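One structure is given here, and the rest of the page talks about it.
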Protein chains: 2
Amino acid sequence: MVNAHSPGSVSQDPATAALIARRKAALGPAYRLFYREPLHIVRGQGVWLHAADGRQYLDAYNNVACVGHAHPHVVQAIAGQAATLATHTRYLDETVLRYAERILATVPAPLTHMMFTCSGSEANDLALRMAQARTGGTGIVVTAHAYHGVTQAVSALSPSLGAVADMPAHVRTVPAPDTFRAGGVAAQGFATAVAAAFDDLRHAGHIPAAFVCDALFSSDGVFDPPGDVWRNTIAAVHAAGALFIADEVQAGFGRAGGGLWGFARHGLRPDLVTLGKPMGNGYPVAAVLADPLITQAFAEQTRYFNTFGGNPVAAAAASAVLDVIETEDLIASAMAVGGALRRALGDLQSRFACIGDVRGAGLFVGVEILNRDDGTPDAVCASQIINAMRDRGVLLSGCGPQANVLKIRPPLVFDETHADLLVTTLEAVLAEPC
Amino acid sequence: MVNAHSPGSVSQDPATAALIARRKAALGPAYRLFYREPLHIVRGQGVWLHAADGRQYLDAYNNVACVGHAHPHVVQAIAGQAATLATHTRYLDETVLRYAERILATVPAPLTHMMFTCSGSEANDLALRMAQARTGGTGIVVTAHAYHGVTQAVSALSPSLGAVADMPAHVRTVPAPDTFRAGGVAAQGFATAVAAAFDDLRHAGHIPAAFVCDALFSSDGVFDPPGDVWRNTIAAVHAAGALFIADEVQAGFGRAGGGLWGFARHGLRPDLVTLGKPMGNGYPVAAVLADPLITQAFAEQTRYFNTFGGNPVAAAAASAVLDVIETEDLIASAMAVGGALRRALGDLQSRFACIGDVRGAGLFVGVEILNRDDGTPDAVCASQIINAMRDRGVLLSGCGPQANVLKIRPPLVFDETHADLLVTTLEAVLAEPC
């Protein structure tokens, strides 16, 4: 995993070392911490995370706290609804209906139904079941370094987890449209690759069901190919008889700028959309948006219930997040601050040979780190930068199949002063010998 | 589904009918409401649910609100932690460690690791992946009317969902140990049936992985077979090379009386335990407890992360639930009130021919409803009782493969006055012509 604390290494700080030992004893060996020297965070406020040792860190990584850590409007909504009612969707409830109606008003036809889950993993898992019900197929195409969640069904669609086993027989991968290496025009080959993957599935006896794709290729290295690439790809998906599942778990809720949804910037019409992480600013809530023909096919096979999914507290938290996105004008801010941030990073690129590319949309930015001598992807240098940034008080992480892309994905309340701090800190880090 | 509002039927109340129509338009056709005349609940307090029309209902069904709806200690814990920090397990955090250590102190060796999810579905899905990693097998045995969740992997282990398709090739079902029809001794046949099912799987080429079983057979009709049945069954599971996954999502957290865990009453040592519904009194939190040999095998295959699973607010909510279970002595109360409730229902059984059996443990009670003329399972009569109880202000539901078992599963703060109200109301309902 990019930016994982090595389970074998020892912290220099005795209090941290003791916590790591307790954690290993209680949670076991499958969990990973961030950073060479892990952080013990005790409080969050806006774009700031405060550690137990009194240091504060600029959070340029956590998209879940999209309206800022501990936003009072969201906290009050959670507290107020939890004190009133926290039950399930087998009773009538207006909070969840008002929220569903509000979200459905933001998406194009034919997305008219909303179904609630607790996590993005559950949302992708449900969308998959629904796509299979509608198509009668099981064949899935994903990108080569995709991440779509941790249930058994969707971890099989998540090659970035680095599972030992080969991908299952019903899954094919295609390289993400690498706008840095292939360029915008060459990225057009993406649609061709997706079509070929579905052909291959069909020849192997797997009826095509879905193309599942992260709207900003978050794990593949952060790419934002032109609208043509998307439109051609969706045409290829539909020509194969499959459905397009737009995974907006990371890109959604205004992060990409230019609308609430990553796909909306290109006027796309997905068959299914999955939502998650930022939806409740940390409260566990996620959802699937669907074409009614798909929900109908699914309902003919089975019924759906999720004990916590769509409970009134989840709906209240999620509604409060939408309120803040609107009242604080965070979509426009993501666009403006993200643009300024990419421009400033572009200036650094012109001065530091190890920056090969600066890309993304809104407040989702990828910075490709290359070896300054031979221009190859440099995971070691990326890791050094990530840890040096942490040591200087700025939190970001990495992604990409070569683990060499800085992943910058702050809360949407990140403003230009925060962007400046990030860039000046990065400049200082890059000026040091790598 | 037992006790489902028929999607085609129309409410007599215009406000209810309008809400149902909005719900159908926004959430689609796969969701189900409870009761012939659905309830619009707007507030909960302790064992009471308050409807929009001003009526209050005694809640004898909702196990999620285990310490009572809107318990102030839990609400304060959620509000306080949400205002402080709600982030993920890639930073060090004491709240989640203290909670994990507290839970792990309540379970027998070798259960020494705890991993967090958002829902019981995710917990069972993860336990399944872990069992497969440890055994190298995929073969699963479950009961014939089991429910273990809604992800793709565990909905395949949930025949009670009534999926159209046949069970997958790697799954076998066995009838639950029906202590009513088969008797306690004959229920011993359960172990033999489980052994035969694993034999059958092995002969079909599916290496045994796990026996997944609800500690109180919640969906199969509520059974509490003697400890011998469990011990023999677990011996058969282990003899087959499989692991025992104790699904405590419904039975756990003191409901069965005699300890926090359903399996603990018989001194059993499961290999994996899954927790869910009541864990956070409505906050979405769930977990897997595991033998470290299993987590080790899993960690050798993949890493684990769940964005919301084990976040500090989830841990704070779950800790507060444990506080209340301890300070209000709710395990002893579940035992005492549940015992009194079953005795009073037993009195009704002696006077009303339609009650064939009263069973369960602690505050999880099943009442078998039979046709008073021929003694066969009577789903129509059970449904009439459930709806008549609702009309008189007491909420319960039904279960079992024949849909004829009343399912009584109130918050653990249900006291003897509440039990009296339930029994006198049921007596009045039974006195009416069915």
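Residues are named by chain letter and number: chains run A, B, ... in the order of the structure tokens, numbers start at 1 in each chain, and ligands are numbered from 1 in the order shown.
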Handout entry: Gln250 in chain A surroundings by only C-alpha atoms, 10 Å radius, close-in-sequence under 2 positions cut, as number ranges by chain
Key = A: 63-64, 120, 148, 214-219, 247-248, 252-253, 255-256, 262, 274-279, 364, 409
Let's have the selection written as a PDB file, in the first residue's frame, with C-alpha atoms.
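Writing the result to part25.pdb gives the following:
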ATOM      1  CA  ASN A  63     -12.252  13.762   1.484  1.00  0.00           C
ATOM      2  CA  VAL A  64     -14.676  12.193   3.977  1.00  0.00           C
ATOM      3  CA  GLY A 120     -19.340   2.780  -0.489  1.00  0.00           C
ATOM      4  CA  HIS A 148     -14.265  -0.287  -5.430  1.00  0.00           C
ATOM      5  CA  ASP A 214     -14.300   5.851 -10.618  1.00  0.00           C
ATOM      6  CA  ALA A 215     -15.146   9.235 -12.126  1.00  0.00           C
ATOM      7  CA  LEU A 216     -11.627  10.584 -11.421  1.00  0.00           C
ATOM      8  CA  PHE A 217      -9.602   7.321 -11.475  1.00  0.00           C
ATOM      9  CA  SER A 218      -8.650   7.972  -7.853  1.00  0.00           C
ATOM     10  CA  SER A 219      -6.569   4.825  -7.301  1.00  0.00           C
ATOM     11  CA  ASP A 247     -18.486   5.165  -8.848  1.00  0.00           C
ATOM     12  CA  GLU A 248     -18.727   8.648  -7.315  1.00  0.00           C
ATOM     13  CA  GLY A 252     -18.836  12.998  -5.817  1.00  0.00           C
ATOM     14  CA  PHE A 253     -20.410  15.790  -3.758  1.00  0.00           C
ATOM     15  CA  ARG A 255     -15.141  17.763  -5.257  1.00  0.00           C
ATOM     16  CA  ALA A 256     -14.536  17.856  -9.019  1.00  0.00           C
ATOM     17  CA  GLY A 262     -17.923  13.993 -11.468  1.00  0.00           C
ATOM     18  CA  THR A 274     -22.727   4.916  -6.259  1.00  0.00           C
ATOM     19  CA  LEU A 275     -22.166   7.472  -3.502  1.00  0.00           C
ATOM     20  CA  GLY A 276     -20.263   7.228  -0.249  1.00  0.00           C
ATOM     21  CA  LYS A 277     -17.361   8.703   1.689  1.00  0.00           C
ATOM     22  CA  PRO A 278     -18.162  12.459   1.892  1.00  0.00           C
ATOM     23  CA  MET A 279     -21.939  11.949   1.949  1.00  0.00           C
ATOM     24  CA  PHE A 364      -8.764  16.320  -6.419  1.00  0.00           C
ATOM     25  CA  ARG A 409      -7.789  15.555  -1.798  1.00  0.00           C
TER      26      ARG A 409
END
Practice task
Starting from chain B, keep only residues with some atom at most 6 Å from an atom of chain A, counting only C-alpha atoms, and report them as number ranges by chain.
Solution key: B: 26-31, 33-34, 39-40, 43-44, 70, 75, 79, 82-86, 90-92, 113-115, 163-164, 282, 284, 299, 301-304, 308
Exercise for the section: Find the distance between CA of Thr135 in chain A and CA of Ala209 in chain A and write it in Å to one decimal. Expected result: 5.6 Å
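CA of Ala109 in chain A sits 11.8 Å away from CA of Leu293 in chain A.
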Problem - Every residue of range 38-273 of chain B that DSSP places in strand (DSSP E), as a PyMOL selection string - result: chain B and resi 41-45+48-51+56-59+113-117+139-143+171-174+208-214+243-247+272-273
